[in-house]
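What's in protein_24.cif: mmCIF, C-alpha atoms
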```cif
data_entry
#
loop_
_atom_site.group_PDB
_atom_site.id
_atom_site.type_symbol
_atom_site.label_atom_id
_atom_site.label_comp_id
_atom_site.auth_asym_id
_atom_site.auth_seq_id
_atom_site.Cartn_x
_atom_site.Cartn_y
_atom_site.Cartn_z
ATOM 1 C CA MET A 1 0.000 0.000 0.000
ATOM 2 C CA GLU A 2 2.779 2.405 0.873
ATOM 3 C CA GLU A 3 4.593 1.537 -2.346
ATOM 4 C CA HIS A 4 1.583 2.591 -4.453
ATOM 5 C CA ASP A 5 0.499 5.389 -2.123
ATOM 6 C CA VAL A 6 -3.048 4.106 -1.587
ATOM 7 C CA SER A 7 -5.105 3.795 1.558
ATOM 8 C CA ARG A 8 -6.024 0.510 3.194
ATOM 9 C CA GLY A 9 -9.638 1.037 2.104
ATOM 10 C CA VAL A 10 -8.704 1.465 -1.564
ATOM 11 C CA ALA A 11 -6.498 -1.620 -1.433
ATOM 12 C CA ARG A 12 -9.299 -3.628 0.147
ATOM 13 C CA GLU A 13 -11.810 -2.536 -2.528
ATOM 14 C CA THR A 14 -9.314 -3.363 -5.281
ATOM 15 C CA VAL A 15 -8.783 -6.872 -3.963
ATOM 16 C CA ARG A 16 -12.550 -7.319 -3.618
ATOM 17 C CA ALA A 17 -13.052 -6.237 -7.244
ATOM 18 C CA LEU A 18 -10.406 -8.695 -8.416
ATOM 19 C CA GLU A 19 -12.030 -11.438 -6.357
ATOM 20 C CA GLU A 20 -15.459 -10.687 -7.877
ATOM 21 C CA ARG A 21 -13.927 -11.144 -11.332
ATOM 22 C CA GLY A 22 -12.386 -14.456 -10.316
ATOM 23 C CA LEU A 23 -8.845 -13.160 -10.759
ATOM 24 C CA VAL A 24 -7.715 -13.703 -7.182
ATOM 25 C CA SER A 25 -8.684 -15.997 -4.358
ATOM 26 C CA VAL A 26 -8.695 -14.486 -0.890
ATOM 27 C CA LYS A 27 -7.742 -16.692 2.036
ATOM 28 C CA HIS A 28 -8.332 -14.919 5.300
ATOM 29 C CA GLY A 29 -5.219 -14.697 7.390
ATOM 30 C CA LYS A 30 -3.016 -15.680 4.449
ATOM 31 C CA GLY A 31 -3.639 -13.107 1.713
ATOM 32 C CA ALA A 32 -4.800 -12.923 -1.899
ATOM 33 C CA PHE A 33 -3.547 -15.377 -4.506
ATOM 34 C CA VAL A 34 -3.771 -15.130 -8.295
ATOM 35 C CA THR A 35 -6.123 -17.761 -9.724
ATOM 36 C CA THR A 36 -5.743 -19.875 -12.850
ATOM 37 C CA PRO A 37 -7.492 -18.701 -16.068
ATOM 38 C CA ASP A 38 -10.203 -21.375 -15.801
ATOM 39 C CA ARG A 39 -11.554 -19.543 -12.736
ATOM 40 C CA TRP A 40 -11.752 -16.095 -14.332
ATOM 41 C CA ASP A 41 -15.200 -14.623 -14.883
ATOM 42 C CA THR A 42 -14.911 -14.339 -18.659
ATOM 43 C CA ALA A 43 -18.437 -12.917 -18.886
ATOM 44 C CA HIS A 44 -17.332 -9.809 -16.994
ATOM 45 C CA PRO A 45 -16.663 -6.867 -19.371
ATOM 46 C CA ASP A 46 -13.357 -5.978 -17.676
ATOM 47 C CA VAL A 47 -12.037 -9.529 -17.982
ATOM 48 C CA LEU A 48 -13.241 -9.801 -21.574
ATOM 49 C CA ARG A 49 -11.545 -6.526 -22.461
ATOM 50 C CA ALA A 50 -8.280 -7.730 -20.955
ATOM 51 C CA LEU A 51 -8.508 -10.997 -22.885
ATOM 52 C CA PHE A 52 -9.195 -9.137 -26.132
ATOM 53 C CA ASN A 53 -6.098 -7.027 -25.508
ATOM 54 C CA GLY A 54 -3.923 -9.980 -24.497
ATOM 55 C CA ASP A 55 -1.690 -12.473 -26.255
ATOM 56 C CA GLU A 56 -4.614 -14.739 -27.192
ATOM 57 C CA HIS A 57 -6.552 -12.012 -28.984
ATOM 58 C CA ASP A 58 -7.244 -13.994 -32.169
ATOM 59 C CA ALA A 59 -8.487 -17.062 -30.308
ATOM 60 C CA VAL A 60 -10.683 -14.961 -28.018
ATOM 61 C CA VAL A 61 -12.198 -13.179 -31.037
ATOM 62 C CA ARG A 62 -13.036 -16.483 -32.711
ATOM 63 C CA GLU A 63 -14.536 -17.929 -29.537
ATOM 64 C CA SER A 64 -16.550 -14.770 -28.924
ATOM 65 C CA ILE A 65 -17.989 -14.741 -32.432
ATOM 66 C CA VAL A 66 -19.006 -18.402 -32.148
ATOM 67 C CA CYS A 67 -20.697 -17.686 -28.802
ATOM 68 C CA TRP A 68 -22.401 -14.538 -30.070
ATOM 69 C CA CYS A 69 -23.708 -16.051 -33.300
ATOM 70 C CA TRP A 70 -25.115 -19.081 -31.515
ATOM 71 C CA LEU A 71 -26.833 -17.037 -28.801
ATOM 72 C CA VAL A 72 -28.356 -14.554 -31.247
ATOM 73 C CA GLU A 73 -29.584 -17.327 -33.519
ATOM 74 C CA LYS A 74 -31.288 -19.104 -30.628
ATOM 75 C CA ALA A 75 -32.726 -15.808 -29.392
ATOM 76 C CA THR A 76 -34.203 -15.174 -32.839
ATOM 77 C CA GLU A 77 -35.890 -18.575 -32.842
ATOM 78 C CA LEU A 78 -37.323 -18.083 -29.347
ATOM 79 C CA ALA A 79 -38.488 -14.554 -30.103
ATOM 80 C CA ALA A 80 -40.312 -15.756 -33.247
ATOM 81 C CA LEU A 81 -42.093 -18.367 -31.149
ATOM 82 C CA ARG A 82 -42.812 -16.293 -28.043
ATOM 83 C CA GLY A 83 -42.031 -12.633 -28.719
ATOM 84 C CA THR A 84 -44.491 -9.974 -27.574
ATOM 85 C CA THR A 85 -45.428 -6.718 -29.283
ATOM 86 C CA ARG A 86 -43.657 -4.727 -26.577
ATOM 87 C CA TRP A 87 -40.160 -6.036 -27.301
ATOM 88 C CA ILE A 88 -40.613 -6.379 -31.057
ATOM 89 C CA SER A 89 -41.604 -2.707 -31.077
ATOM 90 C CA ARG A 90 -38.423 -1.942 -29.137
ATOM 91 C CA MET A 91 -36.442 -3.752 -31.819
ATOM 92 C CA ARG A 92 -38.041 -1.561 -34.499
ATOM 93 C CA GLU A 93 -37.326 1.556 -32.460
ATOM 94 C CA ALA A 94 -33.693 0.464 -32.118
ATOM 95 C CA VAL A 95 -33.392 0.045 -35.896
ATOM 96 C CA ALA A 96 -34.835 3.529 -36.407
ATOM 97 C CA SER A 97 -32.292 4.880 -33.922
ATOM 98 C CA MET A 98 -29.469 3.101 -35.757
ATOM 99 C CA GLU A 99 -30.651 4.609 -39.037
ATOM 100 C CA GLY A 100 -30.697 8.033 -37.430
ATOM 101 C CA VAL A 101 -27.153 7.649 -36.111
ATOM 102 C CA TYR A 102 -25.740 6.612 -39.483
ATOM 103 C CA ALA A 103 -27.779 9.024 -41.591
ATOM 104 C CA SER A 104 -24.981 11.584 -41.413
ATOM 105 C CA ARG A 105 -21.927 9.521 -40.450
ATOM 106 C CA SER A 106 -19.173 8.767 -42.932
ATOM 107 C CA GLN A 107 -17.350 6.203 -40.773
ATOM 108 C CA ALA A 108 -18.725 2.954 -39.389
ATOM 109 C CA ALA A 109 -16.886 3.218 -36.057
ATOM 110 C CA GLY A 110 -18.891 2.254 -33.003
ATOM 111 C CA PHE A 111 -21.498 0.164 -34.815
ATOM 112 C CA GLY A 112 -21.432 -2.527 -32.123
ATOM 113 C CA GLU A 113 -22.366 -0.047 -29.428
ATOM 114 C CA VAL A 114 -25.070 1.505 -31.615
ATOM 115 C CA ALA A 115 -26.563 -1.945 -32.268
ATOM 116 C CA THR A 116 -26.604 -2.943 -28.586
ATOM 117 C CA PRO A 117 -30.194 -1.751 -27.840
ATOM 118 C CA PHE A 118 -31.454 -3.829 -30.790
ATOM 119 C CA TYR A 119 -29.949 -7.022 -29.421
ATOM 120 C CA ALA A 120 -31.006 -6.198 -25.872
ATOM 121 C CA ALA A 121 -34.602 -5.987 -27.130
ATOM 122 C CA LEU A 122 -34.169 -9.232 -29.088
ATOM 123 C CA PHE A 123 -32.977 -11.048 -25.975
ATOM 124 C CA MET A 124 -35.884 -9.653 -23.974
ATOM 125 C CA ALA A 125 -38.281 -10.787 -26.726
ATOM 126 C CA THR A 126 -37.371 -14.419 -26.038
ATOM 127 C CA GLU A 127 -39.615 -14.208 -22.942
ATOM 128 C CA ASN A 128 -37.288 -16.755 -21.349
ATOM 129 C CA ARG A 129 -35.884 -15.339 -18.138
ATOM 130 C CA PRO A 130 -32.841 -17.636 -17.687
ATOM 131 C CA PHE A 131 -31.874 -17.302 -21.351
ATOM 132 C CA ARG A 132 -32.227 -13.542 -21.546
ATOM 133 C CA GLY A 133 -30.357 -13.068 -18.273
ATOM 134 C CA MET A 134 -27.446 -15.061 -19.660
ATOM 135 C CA ALA A 135 -27.612 -13.487 -23.131
ATOM 136 C CA ILE A 136 -27.768 -9.886 -21.927
ATOM 137 C CA GLY A 137 -24.516 -10.548 -20.080
ATOM 138 C CA THR A 138 -22.838 -11.035 -23.471
ATOM 139 C CA LEU A 139 -23.830 -7.603 -24.849
ATOM 140 C CA PRO A 140 -20.381 -6.103 -24.095
ATOM 141 C CA LEU A 141 -19.030 -8.446 -26.784
ATOM 142 C CA LEU A 142 -20.615 -6.216 -29.425
ATOM 143 C CA ALA A 143 -18.315 -3.329 -28.629
ATOM 144 C CA LEU A 144 -15.266 -5.590 -28.395
ATOM 145 C CA MET A 145 -15.597 -7.831 -31.445
ATOM 146 C CA PRO A 146 -13.837 -6.413 -34.504
ATOM 147 C CA SER A 147 -15.736 -5.811 -37.734
ATOM 148 C CA PRO A 148 -14.327 -5.309 -41.237
ATOM 149 C CA ILE A 149 -16.959 -2.661 -41.993
ATOM 150 C CA THR A 150 -15.427 0.822 -42.256
ATOM 151 C CA ASP A 151 -17.912 2.634 -44.487
ATOM 152 C CA ALA A 152 -21.087 4.077 -42.967
ATOM 153 C CA ALA A 153 -22.724 4.072 -46.404
ATOM 154 C CA PHE A 154 -22.415 0.273 -46.453
ATOM 155 C CA ILE A 155 -24.237 0.121 -43.117
ATOM 156 C CA ARG A 156 -26.994 2.449 -44.371
ATOM 157 C CA GLU A 157 -27.487 0.771 -47.734
ATOM 158 C CA GLN A 158 -26.723 -2.896 -47.053
ATOM 159 C CA VAL A 159 -26.801 -3.758 -43.354
ATOM 160 C CA LEU A 160 -29.646 -1.739 -41.845
ATOM 161 C CA PRO A 161 -32.256 -2.757 -44.459
ATOM 162 C CA VAL A 162 -31.789 -6.359 -43.296
ATOM 163 C CA TYR A 163 -32.038 -5.312 -39.653
ATOM 164 C CA ARG A 164 -35.376 -3.701 -40.531
ATOM 165 C CA LYS A 165 -36.687 -7.006 -41.934
ATOM 166 C CA LEU A 166 -35.817 -9.059 -38.863
ATOM 167 C CA PRO A 167 -38.468 -7.710 -36.421
ATOM 168 C CA SER A 168 -41.194 -8.198 -39.042
ATOM 169 C CA ALA A 169 -40.222 -11.833 -39.561
ATOM 170 C CA ILE A 170 -40.151 -12.377 -35.789
ATOM 171 C CA ASP A 171 -43.515 -10.626 -35.404
ATOM 172 C CA SER A 172 -45.082 -12.958 -37.966
ATOM 173 C CA GLY A 173 -43.697 -15.995 -36.144
ATOM 174 C CA ASP A 174 -41.677 -17.024 -39.200
ATOM 175 C CA HIS A 175 -38.532 -18.269 -37.480
ATOM 176 C CA LYS A 176 -37.038 -19.713 -40.681
ATOM 177 C CA THR A 177 -37.163 -16.372 -42.503
ATOM 178 C CA ALA A 178 -35.964 -14.610 -39.356
ATOM 179 C CA ARG A 179 -32.917 -16.901 -39.211
ATOM 180 C CA GLU A 180 -32.209 -16.264 -42.899
ATOM 181 C CA HIS A 181 -32.209 -12.501 -42.259
ATOM 182 C CA LEU A 182 -29.976 -12.981 -39.222
ATOM 183 C CA ARG A 183 -27.454 -15.036 -41.139
ATOM 184 C CA GLU A 184 -27.424 -12.391 -43.855
ATOM 185 C CA ILE A 185 -26.541 -9.881 -41.137
ATOM 186 C CA PHE A 186 -23.707 -12.152 -39.964
ATOM 187 C CA VAL A 187 -22.329 -12.274 -43.494
ATOM 188 C CA LEU A 188 -22.608 -8.527 -44.050
ATOM 189 C CA GLU A 189 -20.933 -7.790 -40.722
ATOM 190 C CA GLY A 190 -18.110 -10.239 -41.390
ATOM 191 C CA ARG A 191 -19.161 -12.536 -38.561
ATOM 192 C CA GLU A 192 -20.463 -15.437 -40.602
ATOM 193 C CA GLN A 193 -20.104 -18.654 -38.653
ATOM 194 C CA ASP A 194 -18.247 -20.812 -41.141
ATOM 195 C CA ARG A 195 -15.489 -18.253 -41.619
ATOM 196 C CA TYR A 196 -14.537 -18.333 -37.947
ATOM 197 C CA ALA A 197 -15.757 -21.657 -36.608
ATOM 198 C CA GLY A 198 -15.898 -24.178 -39.415
ATOM 199 C CA PRO A 199 -17.824 -27.343 -38.533
ATOM 200 C CA SER A 200 -17.766 -26.743 -34.775
ATOM 201 C CA ILE A 201 -20.591 -24.190 -34.826
ATOM 202 C CA GLN A 202 -22.650 -26.474 -37.041
ATOM 203 C CA SER A 203 -22.212 -29.296 -34.535
ATOM 204 C CA LEU A 204 -23.158 -26.951 -31.707
ATOM 205 C CA SER A 205 -26.313 -25.808 -33.515
ATOM 206 C CA ALA A 206 -27.292 -29.370 -34.367
ATOM 207 C CA ALA A 207 -26.890 -30.509 -30.775
ATOM 208 C CA ALA A 208 -28.921 -27.641 -29.327
#
```
With the file now loaded, output its structure as structure tokens.
Amino acid sequence: MEEHDVSRGVARETVRALEERGLVSVKHGKGAFVTTPDRWDTAHPDVLRALFNGDEHDAVVRESIVCWCWLVEKATELAALRGTTRWISRMREAVASMEGVYASRSQAAGFGEVATPFYAALFMATENRPFRGMAIGTLPLLALMPSPITDAAFIREQVLPVYRKLPSAIDSGDHKTAREHLREIFVLEGREQDRYAGPSIQSLSAAA
């Protein structure tokens, strides 16, 4: 504490924060010990950000895209089966907001953050409390996952029109068409499953 010029209270809160993220294990009377990676809370935004910035960046990106694509695909199916007008309307409002943001932008930067309310509404539309609780915890991935899109015009003219179709397909209960629109979004955003996961994502989808 003296070395870093911090108070005992600050040090205690720091250790508690690290413990909450699974990065250290506190043994009373002995101290705090660094844990192994398998005990890290990889759903926590701070831990995810550190992993994205670490030596295993490429592997973490691939794993994150597989996780994201699978969750969103399952959410789309559930929403088409059980979605209510309230959350489907929120999805439409989110698309309108996205269109407003990119109406005057020339760069595509920040698209993941702009799209977050859309996916939050999609997860809520599943009307499955355990699933949406788990899925909403993955929303920080959107801001962290890289995208090859750099041109805002491409988002306006190619990506957002497909986003606009998705709530309508979900509202009609047509889960097959909804999944087709979603996969088109994956392709346009450079997150198509086969490119990053090969047969593993297909096996995962088949087993679910």
Take the PyMOL selection byres ((chain A and resi 24) around 9), apply it to the structure above, and return the hits as JSON, numbers by chain. {"A": [15, 16, 18, 19, 20, 21, 22, 23, 25, 26, 32, 33, 34, 35, 36, 39, 40]}
Identify, on the basis of only C-alpha atoms, every residue whose closest approach to Gly100 (chain A) does not exceed 12 Å; exclude the query and any residue fewer than 5 positions from it along the same chain; express the result as number ranges by chain. A: 93-95, 105, 114-115, 152, 155-156, 160
Check the smallest atom-to-atom distance from each of A:Ala50, A:Tyr163, A:Ala125, A:Pro148 to Thr76 (chain A) using only C-alpha atoms, then report the winner.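 Among the listed residues, A:Ala125 lies closest to Thr76 (chain A).
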One residue among A:Leu122, A:Ser147, A:Ser106, A:Gly29 is nearest to Lys74 (chain A) when using all atoms listed in the file, and that residue is A:Leu122
What's around Leu144 (chain A) at 9 Å? Count all atoms listed in the file, leave out sequence neighbours fewer than 2 positions away in its own chain, and write the answer as a ChimeraX atom specification. /A:48-49,52,61,112,140-142,146
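Evaluated on this file, the PyMOL selection byres ((chain A and resi 165-177) around 7) matches Glu77, Ala79, Ala80, Leu81, Ile88, Met91, Arg92, Pro161, Val162, Tyr163, Arg164, Ala178, Arg179, Glu180 and His181 of chain A.
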Please produce a file of those selected residues containing C-alpha atoms, as a PDB file, in the coordinates of the input.
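Result file selection-v5.pdb:
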```pdb
ATOM      1  CA  GLU A  77     -35.890 -18.575 -32.842  1.00  0.00           C
ATOM      2  CA  ALA A  79     -38.488 -14.554 -30.103  1.00  0.00           C
ATOM      3  CA  ALA A  80     -40.312 -15.756 -33.247  1.00  0.00           C
ATOM      4  CA  LEU A  81     -42.093 -18.367 -31.149  1.00  0.00           C
ATOM      5  CA  ILE A  88     -40.613  -6.379 -31.057  1.00  0.00           C
ATOM      6  CA  MET A  91     -36.442  -3.752 -31.819  1.00  0.00           C
ATOM      7  CA  ARG A  92     -38.041  -1.561 -34.499  1.00  0.00           C
ATOM      8  CA  PRO A 161     -32.256  -2.757 -44.459  1.00  0.00           C
ATOM      9  CA  VAL A 162     -31.789  -6.359 -43.296  1.00  0.00           C
ATOM     10  CA  TYR A 163     -32.038  -5.312 -39.653  1.00  0.00           C
ATOM     11  CA  ARG A 164     -35.376  -3.701 -40.531  1.00  0.00           C
ATOM     12  CA  ALA A 178     -35.964 -14.610 -39.356  1.00  0.00           C
ATOM     13  CA  ARG A 179     -32.917 -16.901 -39.211  1.00  0.00           C
ATOM     14  CA  GLU A 180     -32.209 -16.264 -42.899  1.00  0.00           C
ATOM     15  CA  HIS A 181     -32.209 -12.501 -42.259  1.00  0.00           C
TER      16      HIS A 181
END
```
What do you get, as a list in words, if you spell out every residue that the PyMOL selection byres ((chain A and resi 68) around 9) selects here? Glu63, Ser64, Ile65, Val66, Cys67, Cys69, Trp70, Leu71, Val72, Glu73, Ala135, Thr138, Leu139, Leu141 and Leu142 of chain A
Could you state the separation of CA of Ala108 (chain A) and CA of Ile185 (chain A) in Å, given to one decimal place? 15.1 Å
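Interatomic distance, CA of Ser89 (chain A) against CA of Ala75 (chain A): 15.9 Å.
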Quick check, in Å to one decimal: how far apart do CA of Val159 (chain A) and CA of Arg90 (chain A) lie?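 Distance reported for this atom pair: 18.5 Å.
Of the listed residues A:Ala153, A:Leu78, A:Val10, A:Leu182, the one whose atoms come nearest to Ala103 (chain A) is A:Ala153, with distances taken using all atoms listed in the file.
Across A:Ala121, A:Thr84, A:Ile136, A:Ala143, the tightest approach to Ala109 (chain A) is made by A:Ala143 when counting only C-alpha atoms.
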Could you add whatever atoms are missing so that region 100-118 of chain A carries N, CA and C atoms, then write the result as a PDB file, keeping the file's coordinate frame?
```pdb
ATOM      1  N   GLY A 100     -30.915   6.626 -37.725  1.00  0.00           N
ATOM      2  CA  GLY A 100     -30.697   8.033 -37.430  1.00  0.00           C
ATOM      3  C   GLY A 100     -29.235   8.351 -37.166  1.00  0.00           C
ATOM      4  N   VAL A 101     -28.570   7.449 -36.437  1.00  0.00           N
ATOM      5  CA  VAL A 101     -27.153   7.649 -36.111  1.00  0.00           C
ATOM      6  C   VAL A 101     -26.302   7.673 -37.375  1.00  0.00           C
ATOM      7  N   TYR A 102     -26.587   6.742 -38.297  1.00  0.00           N
ATOM      8  CA  TYR A 102     -25.740   6.612 -39.483  1.00  0.00           C
ATOM      9  C   TYR A 102     -26.236   7.412 -40.691  1.00  0.00           C
ATOM     10  N   ALA A 103     -27.274   8.197 -40.491  1.00  0.00           N
ATOM     11  CA  ALA A 103     -27.779   9.024 -41.591  1.00  0.00           C
ATOM     12  C   ALA A 103     -26.750  10.057 -42.032  1.00  0.00           C
ATOM     13  N   SER A 104     -25.943  10.524 -41.090  1.00  0.00           N
ATOM     14  CA  SER A 104     -24.981  11.584 -41.413  1.00  0.00           C
ATOM     15  C   SER A 104     -23.535  11.180 -41.171  1.00  0.00           C
ATOM     16  N   ARG A 105     -23.303   9.961 -40.703  1.00  0.00           N
ATOM     17  CA  ARG A 105     -21.927   9.521 -40.450  1.00  0.00           C
ATOM     18  C   ARG A 105     -21.249   9.069 -41.739  1.00  0.00           C
ATOM     19  N   SER A 106     -19.942   9.252 -41.787  1.00  0.00           N
ATOM     20  CA  SER A 106     -19.173   8.767 -42.932  1.00  0.00           C
ATOM     21  C   SER A 106     -18.339   7.546 -42.562  1.00  0.00           C
ATOM     22  N   GLN A 107     -18.126   7.343 -41.254  1.00  0.00           N
ATOM     23  CA  GLN A 107     -17.350   6.203 -40.773  1.00  0.00           C
ATOM     24  C   GLN A 107     -18.255   5.253 -39.995  1.00  0.00           C
ATOM     25  N   ALA A 108     -17.898   3.967 -40.038  1.00  0.00           N
ATOM     26  CA  ALA A 108     -18.725   2.954 -39.389  1.00  0.00           C
ATOM     27  C   ALA A 108     -18.355   2.713 -37.933  1.00  0.00           C
ATOM     28  N   ALA A 109     -17.386   3.449 -37.418  1.00  0.00           N
ATOM     29  CA  ALA A 109     -16.886   3.218 -36.057  1.00  0.00           C
ATOM     30  C   ALA A 109     -18.019   3.222 -35.035  1.00  0.00           C
ATOM     31  N   GLY A 110     -17.931   2.293 -34.095  1.00  0.00           N
ATOM     32  CA  GLY A 110     -18.891   2.254 -33.003  1.00  0.00           C
ATOM     33  C   GLY A 110     -20.191   1.548 -33.321  1.00  0.00           C
ATOM     34  N   PHE A 111     -20.234   0.801 -34.432  1.00  0.00           N
ATOM     35  CA  PHE A 111     -21.498   0.164 -34.815  1.00  0.00           C
ATOM     36  C   PHE A 111     -21.974  -0.831 -33.761  1.00  0.00           C
ATOM     37  N   GLY A 112     -21.042  -1.564 -33.148  1.00  0.00           N
ATOM     38  CA  GLY A 112     -21.432  -2.527 -32.123  1.00  0.00           C
ATOM     39  C   GLY A 112     -22.183  -1.887 -30.976  1.00  0.00           C
ATOM     40  N   GLU A 113     -21.699  -0.748 -30.525  1.00  0.00           N
ATOM     41  CA  GLU A 113     -22.366  -0.047 -29.428  1.00  0.00           C
ATOM     42  C   GLU A 113     -23.723   0.480 -29.868  1.00  0.00           C
ATOM     43  N   VAL A 114     -23.805   0.970 -31.104  1.00  0.00           N
ATOM     44  CA  VAL A 114     -25.070   1.505 -31.615  1.00  0.00           C
ATOM     45  C   VAL A 114     -26.108   0.391 -31.743  1.00  0.00           C
ATOM     46  N   ALA A 115     -25.650  -0.817 -32.082  1.00  0.00           N
ATOM     47  CA  ALA A 115     -26.563  -1.945 -32.268  1.00  0.00           C
ATOM     48  C   ALA A 115     -26.978  -2.614 -30.960  1.00  0.00           C
ATOM     49  N   THR A 116     -26.337  -2.266 -29.855  1.00  0.00           N
ATOM     50  CA  THR A 116     -26.604  -2.943 -28.586  1.00  0.00           C
ATOM     51  C   THR A 116     -28.070  -2.900 -28.160  1.00  0.00           C
ATOM     52  N   PRO A 117     -28.777  -1.754 -28.237  1.00  0.00           N
ATOM     53  CA  PRO A 117     -30.194  -1.751 -27.840  1.00  0.00           C
ATOM     54  C   PRO A 117     -31.053  -2.711 -28.666  1.00  0.00           C
ATOM     55  N   PHE A 118     -30.700  -2.902 -29.944  1.00  0.00           N
ATOM     56  CA  PHE A 118     -31.454  -3.829 -30.790  1.00  0.00           C
ATOM     57  C   PHE A 118     -31.353  -5.240 -30.235  1.00  0.00           C
TER      58      PHE A 118
END
```
